[in-house]
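Q: Here's a structure for you.
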Amino acid sequence: MFRLFGNANRSLKAAFCVYATALGMPTLAGAQQVTLETVDGNTVTGELVEFRDNIYVIDSVLGRLNVRGDQVECFGDACPTLVSEAGPVVWDVSLWGARRAFTEHLEKLAELVDQKTNGEFVLNLTYGGLAAPTENLEGISTGSFEMAQFCAGYHPEKNPSLNVLELPFLGVTTLEQEIAVSLAIYEHPFTIADMARWNATVLMPTPLPQQNIMGTGQPPTSLADFREMSIRATGGIGDAVAALGATPVNIPAPATAGAMSSGEVRAVSFAPHAHMAFGTVDSGSWWTTNLNPGTVNCPVVANSDALESLSPLHREALLSSVDESVEHFVDYYNNVALAAWSPALQENGIIELTFGDEILSTINSAVAAPSAATWIAQNTREGVPAQELYALVIQTLAGNF
């Protein structure tokens, strides 16, 4: 099960606020039996007398009761259709680019929340306009919007706890492994505190596959050809690129196609879906099939205050939809996004470069251990439990797969 971390990591103890009426009131003609249930399973059954000002009035074995409508769900033919006088609760969600595999779990989350609340809680997915991709944490912190997606590698200084997930050559090979290590790090007390600095609570991961490099011009035929090549790469992938002798350049994803066209970068490191979504596959001429230097970690977070202020029923609708949304993401990525990748390479005449095991082993040895050691030393000096976080990733991989 996917878990929620931070201020909202509490059991949903919705108080079943029932109040006996001080004065009797006549039962409506044709009253029918209903059952009212809280999010944690407490129920009361009785004849529905009236629903007024968001209060259920029922005759039960306990007598005549008033029950707050925002604390319960009503079951039975007599249940009223609830429409908030103030309109639906709307959360703005800050994204970038356009709808693509990278955002499919958010699209699914919005769909499920809408269904479960009959349109009374809406996630307004906004692709650009709310904040730049590198400023979504600031927007969450100030409450400019209630939910956002961000990538740790865009701003390592803002999220030191998450950077361990972007170290090169960690040995993660499947989306399921990426989910497991992400959740392990998100659950760590230091990460919870790290995100709390931004008033943020992690809702779910965005499990992305290993990246590879798409480039322009003459394809490299040896490792020496990568020397001094400018390659868009973030986080630990930048370390892997630097180990090849290339120059890593950290620019947001939406700017990559323009950077390739202008010559600002010669190549771009992305997962397959991003090469398609941001147009680098349209202008590239070659692609590394198995360099697999690492991936980026891009969690979905909520403003902690906004999450806490949701009614219990709306909060339950949101949190109970996380598992299914991430499962949908994995299914979509494996069966839809990747299915389009090979045709895209063929259509654009991309030359595929596959490295031999000896070269891969050499790169791995030269990059993986030194990068981890450097990251641990630098972050330990900054007060980050870096060795502990790194060990947690390695132990999670060893213990679960």
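In the structure tokens, each chain is lettered A, B, ... as it comes, each chain's residues begin at 1, and ligands are numbered from 1 in order of appearance.
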Do a neighbour search on segment 120-134 of chain A at 9 Å with only C-alpha atoms, toss out local chain neighbours closer than 4 positions, and write the hits as a count of residues only.

A: 40

Q: Tell me, as a PyMOL selection string, which residues lie within 10 Å of Gly383 of chain A, counting only C-alpha atoms; anything in the same chain fewer than 4 positions away does not count.

A: chain A and resi 160+378-379

Q: Residues of the last selection are to be written out with C-alpha atoms, as a PDB file, in the first residue's frame.

A:
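Written out: result10.pdb:
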```pdb
ATOM      1  CA  PRO A 160      18.672  17.209   0.262  1.00  0.00           C
ATOM      2  CA  GLN A 378      29.110  16.591   1.445  1.00  0.00           C
ATOM      3  CA  ASN A 379      25.638  16.116   2.906  1.00  0.00           C
TER       4      ASN A 379
END
```

Q: From the DSSP assignment of the backbone, select every residue of segment 230-393 of chain A that is helix (DSSP H, G or I), and format the answer as a ChimeraX atom specification.

A: /A:235-243,253-262,272-277,280-283,304-309,312-319,322-347,357-381,386-393

Q: Do you have, as JSON lines, the list of residues of segment 37-104 of chain A lying at most 8 Å from segment 264-276 of chain A, each with its nearest atom pair and that distance in Å to one decimal, counting only C-alpha atoms and ordered by chain then number?

A:
```
{"residue": "A:Arg100", "atom": "CA", "partner": "A:His273", "partner_atom": "CA", "distance": 7.6}
{"residue": "A:Ala101", "atom": "CA", "partner": "A:His273", "partner_atom": "CA", "distance": 6.4}
{"residue": "A:Phe102", "atom": "CA", "partner": "A:His273", "partner_atom": "CA", "distance": 7.4}
```

Q: Would you save the residues from that selection as an mmCIF file, in the first residue's frame, using all heavy atoms?

A:
```cif
data_model
loop_
_atom_site.group_PDB
_atom_site.id
_atom_site.type_symbol
_atom_site.label_atom_id
_atom_site.label_comp_id
_atom_site.auth_asym_id
_atom_site.auth_seq_id
_atom_site.Cartn_x
_atom_site.Cartn_y
_atom_site.Cartn_z
ATOM 1 N N ARG A 100 0.910 13.737 -20.152
ATOM 2 C CA ARG A 100 1.802 12.724 -20.703
ATOM 3 C C ARG A 100 1.938 11.613 -19.668
ATOM 4 O O ARG A 100 1.328 11.681 -18.592
ATOM 5 C CB ARG A 100 3.175 13.340 -21.022
ATOM 6 C CG ARG A 100 3.857 14.005 -19.836
ATOM 7 C CD ARG A 100 4.919 14.989 -20.300
ATOM 8 N NE ARG A 100 5.720 15.552 -19.205
ATOM 9 C CZ ARG A 100 5.294 16.529 -18.398
ATOM 10 N NH1 ARG A 100 4.082 17.040 -18.523
ATOM 11 N NH2 ARG A 100 6.090 17.007 -17.449
ATOM 12 N N ALA A 101 2.731 10.593 -19.970
ATOM 13 C CA ALA A 101 2.896 9.477 -19.040
ATOM 14 C C ALA A 101 3.318 9.959 -17.655
ATOM 15 O O ALA A 101 2.888 9.419 -16.632
ATOM 16 C CB ALA A 101 3.934 8.495 -19.596
ATOM 17 N N PHE A 102 4.132 10.996 -17.618
ATOM 18 C CA PHE A 102 4.657 11.561 -16.375
ATOM 19 C C PHE A 102 3.550 12.033 -15.434
ATOM 20 O O PHE A 102 3.743 12.096 -14.213
ATOM 21 C CB PHE A 102 5.566 12.735 -16.750
ATOM 22 C CG PHE A 102 6.243 13.429 -15.601
ATOM 23 C CD1 PHE A 102 7.261 12.812 -14.896
ATOM 24 C CD2 PHE A 102 5.886 14.720 -15.250
ATOM 25 C CE1 PHE A 102 7.906 13.467 -13.853
ATOM 26 C CE2 PHE A 102 6.515 15.381 -14.219
ATOM 27 C CZ PHE A 102 7.530 14.753 -13.511
#
```

Q: Using only C-alpha atoms, which residues sit within 12 Å of Ala242 of chain A once same-chain residues fewer than 4 positions away are excluded, as number ranges by chain?

A: A: 168, 223, 226-238, 246-249, 293, 363, 366-367, 371

Q: Got a sec to tell me which of segment 192-294 of chain A DSSP assigns to strand (DSSP E or B), as a count of residues only?

A: 22

Q: One decimal, Å: what's the distance from atom CA of Leu360 of chain A over to atom CA of Gly215 of chain A, could you say?

A: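 Atom CA of Leu360 of chain A sits 18.8 Å away from atom CA of Gly215 of chain A.
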
Q: Quick one: pull the distance between atom CA of Gln210 of chain A and atom CA of Gly153 of chain A, Å, one decimal.

A: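 One can read the atom CA of Gln210 of chain A to atom CA of Gly153 of chain A distance as 14.3 Å.
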